[in-house]
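*Asks:* Once you've had a glance at the structure underneath, I'll fire off some questions.
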2 protein chains.
Amino acid sequence: MNIECHNIIDNQMSIFSVLNDDEKEQLKKHSTCTYYKKNDIIYKEGDKPNGLICLSKGKVKIFKEGVGGREQIVRMAKPVGFIGYRALFADQNYLASAEAIEDSVICTIEKETLYKLLTSNSDLSFSIIRSLASELGFSNNRTVTLTQKHIRGRLSESLLFLKDTYGLEEDAATIKVYLSREDIANLSNMTTSNAIRTLSTFASEKIIALDGRKIKILDLKGLERISELG
Amino acid sequence: MNIECHNIIDNQMSIFSVLNDDEKEQLKKHSTCTYYKKNDIIYKEGDKPNGLICLSKGKVKIFKEGVGGREQIVRMAKPVGFIGYRALFADQNYLASAEAIEDSVICTIEKETLYKLLTSNSDLSFSIIRSLASELGFSNNRTVTLTQKHIRGRLSESLLFLKDTYGLEEDAATIKVYLSREDIANLSNMTTSNAIRTLSTFASEKIIALDGRKIKILDLKGLERISELG
DNA sequence: TTGCATTTATGTTAAATAACATACAAATGT
DNA sequence: ACATTTGTATGTTATTTAACATAAATGCAA
């Protein structure tokens, strides 16, 4: 039934590995599974969180609407990872929206159950503190990157970020996520035109190869160099 | 002796208010006071945190070095607030530097003592989770602001941010912090020249009044409007 | 298939902002 | 009191990037 939820909770990689069997059982009883199609909205800026959302399968983008409706992707989620936990723990409404960029499965854990466990299990609290602290560091880094690097630097950093987040296909070169040029632009703080143009330039420089939405990294060192130089 | 530390720990506004007297005593025994002059560095990017730093008196800027040594201010601290807790809890070295922009007093709480308390007191963990989650929301907001708003929007948002953070003088108009034009620029992601120029423009439009480093807000609504429009 | 919408591609122009140059004022040290 | 540095101010130019325009390619549905 919500076998997907059970898998997450039992997963050795998840933060729930610090829980004992009884605690895990609690979580399983109070969690529900939901299925999303590609392009489905999981939640919207302003919505109220009602539980801890965990991505079991698929890929999700988290983005904010900026000036003139222009969107900025602030995070990309992969399994097994949390979504919207910032708002939940800050006791705020969502400040960003989440949309599935592939068919996805999420598992929602009831807020009350989670909080009860947090009270009794300090290791779980520690895990969450560590997660939030890491992501804050990432966010601060990104602020500097997106504001200070030039277009080529921002784009190459985004490509490296996508590679690090989702990994590579069996050919050890193709980034394992297929975004529209618009999404790549929204991730890299540039217009779609400029994302397309700069990708083409990279391709002509043999740094990457393009085939539709497939992006193959040909010269990793080169990409890293461009990213560092800004 | 470290009376300043004691004040922080007993302060009703600090997150330590959830502790009992015995726990507070523990903290006091394992904390030390340090005094910093204006422009003193408290820690540098890459340093290893060795405790929880709390600002007791003064004002501190947290900034990152970006492309070509250009600095970006990511946070401004005021009493009673924490500094560098992100790196401490993420178990990382500092990703940013902290510098006193006024004579300041900080109180450092030993990591081991803090962690012991976190294990036994879940309310304290909760407080830290909430703080980190709030700051992450702030950071994501800032990313969008700094990348999408135009110069006038970024500068007015920075002025409003400084007002909200440090408050106003008795005249109910002058922002209670005295930054160099360069710092204002580094906060707003622009060059010093453009910060100076745009401040002058705001002054000529009677939105603010300038007197050296004193910035008086004459038209709050106007400033908010400019900030929102981007 | 055909038509229509969307995405991708590329060239041109316009706007925003950084970079640079210079001048002057204020603070600081000797 | 003077020289030296630092901060502030403002004008000019160069560069980056957004905005706009157009068109080809692709995906999708009737």
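Chain lettering (A, B, ...) mirrors the order of the structure tokens, residue numbering begins at 1 for each chain separately, and ligand numbering begins at 1 in order of display.
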Please report as a Markdown table every residue of chain B lying within 9 Å of chain D, along with the nearest atom pair and their distance in Å (one decimal), using only C-alpha atoms (C1' of nucleotides).

*Replies:*
| residue | atom | partner | partner_atom | distance |
| --- | --- | --- | --- | --- |
| B:Ser180 | CA | D:DG7 | C1' | 8.0 |
| B:Arg181 | CA | D:DT8 | C1' | 8.1 |
| B:Glu182 | CA | D:DG7 | C1' | 8.9 |
| B:Ser193 | CA | D:DA9 | C1' | 8.4 |
| B:Ile196 | CA | D:DA9 | C1' | 7.3 |
| B:Arg197 | CA | D:DA9 | C1' | 7.8 |
| B:Ser200 | CA | D:DA9 | C1' | 9.0 |
| B:Gly212 | CA | D:DT8 | C1' | 8.9 |

*Asks:* Report as a PyMOL selection string the set of chain A residues whose atoms approach chain B to within 8 Å, with distances computed over only C-alpha atoms.

*Replies:* chain A and resi 64+66-67+72+74+86-87+89-91+95+118-120+122-123+125-126+128-137+139-140+142-149+189+229-230

*Asks:* Got time to write the residues from that selection, C-alpha atoms, as a PDB file, in the first residue's frame?

*Replies:*
ATOM      1  CA  LYS A  64      10.543  30.996  -6.149  1.00  0.00           C
ATOM      2  CA  GLY A  66      10.678  36.698  -8.486  1.00  0.00           C
ATOM      3  CA  VAL A  67      10.278  40.101 -10.087  1.00  0.00           C
ATOM      4  CA  GLN A  72      14.449  31.138  -9.759  1.00  0.00           C
ATOM      5  CA  VAL A  74      16.586  27.357  -5.461  1.00  0.00           C
ATOM      6  CA  ARG A  86      12.342  24.321   5.866  1.00  0.00           C
ATOM      7  CA  ALA A  87       8.859  25.846   6.057  1.00  0.00           C
ATOM      8  CA  PHE A  89      10.346  23.511  10.847  1.00  0.00           C
ATOM      9  CA  ALA A  90      10.284  27.312  10.682  1.00  0.00           C
ATOM     10  CA  ASP A  91       6.547  27.111  11.308  1.00  0.00           C
ATOM     11  CA  LEU A  95       8.264  30.457   0.557  1.00  0.00           C
ATOM     12  CA  LEU A 118      11.947  14.740  17.719  1.00  0.00           C
ATOM     13  CA  THR A 119      11.187  15.247  21.374  1.00  0.00           C
ATOM     14  CA  SER A 120      12.192  11.747  22.339  1.00  0.00           C
ATOM     15  CA  SER A 122      17.839  13.728  19.987  1.00  0.00           C
ATOM     16  CA  ASP A 123      19.787  12.010  17.213  1.00  0.00           C
ATOM     17  CA  SER A 125      17.014  16.410  15.860  1.00  0.00           C
ATOM     18  CA  PHE A 126      20.747  16.429  15.276  1.00  0.00           C
ATOM     19  CA  ILE A 128      17.806  17.752  10.928  1.00  0.00           C
ATOM     20  CA  ILE A 129      20.039  20.442  12.375  1.00  0.00           C
ATOM     21  CA  ARG A 130      22.901  19.150  10.270  1.00  0.00           C
ATOM     22  CA  SER A 131      20.757  19.041   7.119  1.00  0.00           C
ATOM     23  CA  LEU A 132      19.483  22.572   7.569  1.00  0.00           C
ATOM     24  CA  ALA A 133      22.944  23.883   8.352  1.00  0.00           C
ATOM     25  CA  SER A 134      24.397  22.254   5.236  1.00  0.00           C
ATOM     26  CA  GLU A 135      21.688  23.597   3.023  1.00  0.00           C
ATOM     27  CA  LEU A 136      22.122  27.081   4.453  1.00  0.00           C
ATOM     28  CA  GLY A 137      25.778  26.936   3.528  1.00  0.00           C
ATOM     29  CA  SER A 139      22.309  28.650  -0.255  1.00  0.00           C
ATOM     30  CA  ASN A 140      24.805  31.309   0.824  1.00  0.00           C
ATOM     31  CA  ARG A 142      24.717  30.152  -4.397  1.00  0.00           C
ATOM     32  CA  THR A 143      23.849  33.734  -3.579  1.00  0.00           C
ATOM     33  CA  VAL A 144      27.436  34.731  -4.217  1.00  0.00           C
ATOM     34  CA  THR A 145      27.737  32.592  -7.340  1.00  0.00           C
ATOM     35  CA  LEU A 146      24.565  33.815  -8.953  1.00  0.00           C
ATOM     36  CA  THR A 147      25.328  37.456  -8.230  1.00  0.00           C
ATOM     37  CA  GLN A 148      29.025  37.572  -9.003  1.00  0.00           C
ATOM     38  CA  LYS A 149      29.816  35.061 -11.720  1.00  0.00           C
ATOM     39  CA  ASN A 189      19.782  33.161 -13.310  1.00  0.00           C
ATOM     40  CA  LEU A 229      36.984  31.773 -13.044  1.00  0.00           C
ATOM     41  CA  GLY A 230      33.462  33.147 -12.901  1.00  0.00           C
TER      42      GLY A 230
END

*Asks:* Dump as a ChimeraX atom specification the residues of chain C that approach chain A to within 8 Å, counting only C-alpha atoms (C1' of nucleotides).

*Replies:* /C:8-10

*Asks:* Could you save those same residues with C-alpha atoms (C1' of nucleotides) as an mmCIF file, in the first residue's frame?

*Replies:*
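Result file part_10.cif:
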data_model
loop_
_atom_site.group_PDB
_atom_site.id
_atom_site.type_symbol
_atom_site.label_atom_id
_atom_site.label_comp_id
_atom_site.auth_asym_id
_atom_site.auth_seq_id
_atom_site.Cartn_x
_atom_site.Cartn_y
_atom_site.Cartn_z
ATOM 1 C "C1'" DT C 8 15.067 25.669 -29.492
ATOM 2 C "C1'" DA C 9 18.060 28.612 -32.122
ATOM 3 C "C1'" DT C 10 20.259 32.903 -33.573
#

*Asks:* Name the residues of segment 5-53 of chain B that come out as strand (DSSP E or B) in a backbone DSSP run; write them as a PyMOL selection string.

*Replies:* chain B and resi 31-36+41-43+51-53

*Asks:* Go ahead and compute the interatomic distance for atom CA of Ser158 of chain B and atom CA of Lys57 of chain B, in Å to one decimal.

*Replies:*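 That distance, rounded to one decimal, is 22.3 Å.
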
*Asks:* Hey, what does DSSP flag as alpha helix (DSSP H) within segment 10-50 of chain B? Can you give it to me as a PyMOL selection string?

*Replies:* chain B and resi 10+21-29

*Asks:* For N, CA, C and O atoms, I'd like the residues from the last selection saved as a tab-separated table (two decimals), in the first residue's frame.

*Replies:*
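Output saved as selection_29.tsv:
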chain	number	residue	atom	x	y	z
B	10	ASP	N	21.17	34.26	30.66
B	10	ASP	CA	19.98	34.55	31.47
B	10	ASP	C	18.93	35.35	30.69
B	10	ASP	O	17.78	35.44	31.12
B	21	ASP	N	17.78	26.19	35.61
B	21	ASP	CA	18.90	26.88	36.26
B	21	ASP	C	20.18	26.05	36.25
B	21	ASP	O	21.28	26.57	36.05
B	22	ASP	N	20.01	24.77	36.44
B	22	ASP	CA	21.17	23.90	36.48
B	22	ASP	C	21.87	23.88	35.13
B	22	ASP	O	23.10	23.97	35.04
B	23	GLU	N	21.07	23.78	34.07
B	23	GLU	CA	21.64	23.75	32.72
B	23	GLU	C	22.32	25.07	32.39
B	23	GLU	O	23.39	25.12	31.79
B	24	LYS	N	21.70	26.15	32.81
B	24	LYS	CA	22.30	27.47	32.59
B	24	LYS	C	23.65	27.58	33.28
B	24	LYS	O	24.60	28.14	32.74
B	25	GLU	N	23.71	27.02	34.49
B	25	GLU	CA	24.95	27.05	35.25
B	25	GLU	C	26.06	26.33	34.48
B	25	GLU	O	27.19	26.80	34.40
B	26	GLN	N	25.71	25.20	33.91
B	26	GLN	CA	26.64	24.43	33.08
B	26	GLN	C	27.24	25.29	31.98
B	26	GLN	O	28.45	25.35	31.78
B	27	LEU	N	26.34	25.97	31.26
B	27	LEU	CA	26.77	26.82	30.15
B	27	LEU	C	27.72	27.90	30.63
B	27	LEU	O	28.77	28.15	30.05
B	28	LYS	N	27.34	28.55	31.73
B	28	LYS	CA	28.14	29.67	32.25
B	28	LYS	C	29.56	29.22	32.59
B	28	LYS	O	30.52	29.93	32.36
B	29	LYS	N	29.64	28.01	33.15
B	29	LYS	CA	30.95	27.49	33.55
B	29	LYS	C	31.85	27.26	32.33
B	29	LYS	O	33.06	27.34	32.40

*Asks:* For DT7 of chain C, which of A:Leu179, A:Gly153, A:Gly84, A:Ala100 is the closest residue, counting only C-alpha atoms (C1' of nucleotides)?

*Replies:* A:Leu179

*Asks:* Please provide as number ranges by chain all residues within 6 Å of Ser188 of chain A, with the sequence filter that same-chain residues fewer than 2 positions apart are discarded (counting only C-alpha atoms (C1' of nucleotides)).

*Replies:* A: 154-155, 185-186, 190

*Asks:* May I have the residues from that selection written out with C-alpha atoms, as a PDB file, in the first residue's frame?

*Replies:*
ATOM      1  CA  ARG A 154      26.966  30.447 -13.801  1.00  0.00           C
ATOM      2  CA  LEU A 155      25.988  27.997 -16.507  1.00  0.00           C
ATOM      3  CA  ALA A 185      18.052  29.322 -17.384  1.00  0.00           C
ATOM      4  CA  ASN A 186      15.964  29.594 -14.216  1.00  0.00           C
ATOM      5  CA  MET A 190      19.733  34.047 -16.978  1.00  0.00           C
TER       6      MET A 190
END

*Asks:* Could you check how far atom CA of Val80 of chain A sits from atom CA of Glu45 of chain A, in Å to one decimal?

*Replies:*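 Straight-line distance from atom CA of Val80 of chain A to atom CA of Glu45 of chain A works out to 22.5 Å.
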
*Asks:* Have a look at B:Gly167, B:Thr198, B:Lys216, B:Glu110 and name the one nearest to DT17 of chain C; count only C-alpha atoms (C1' of nucleotides).

*Replies:*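 Closest candidate: B:Thr198.
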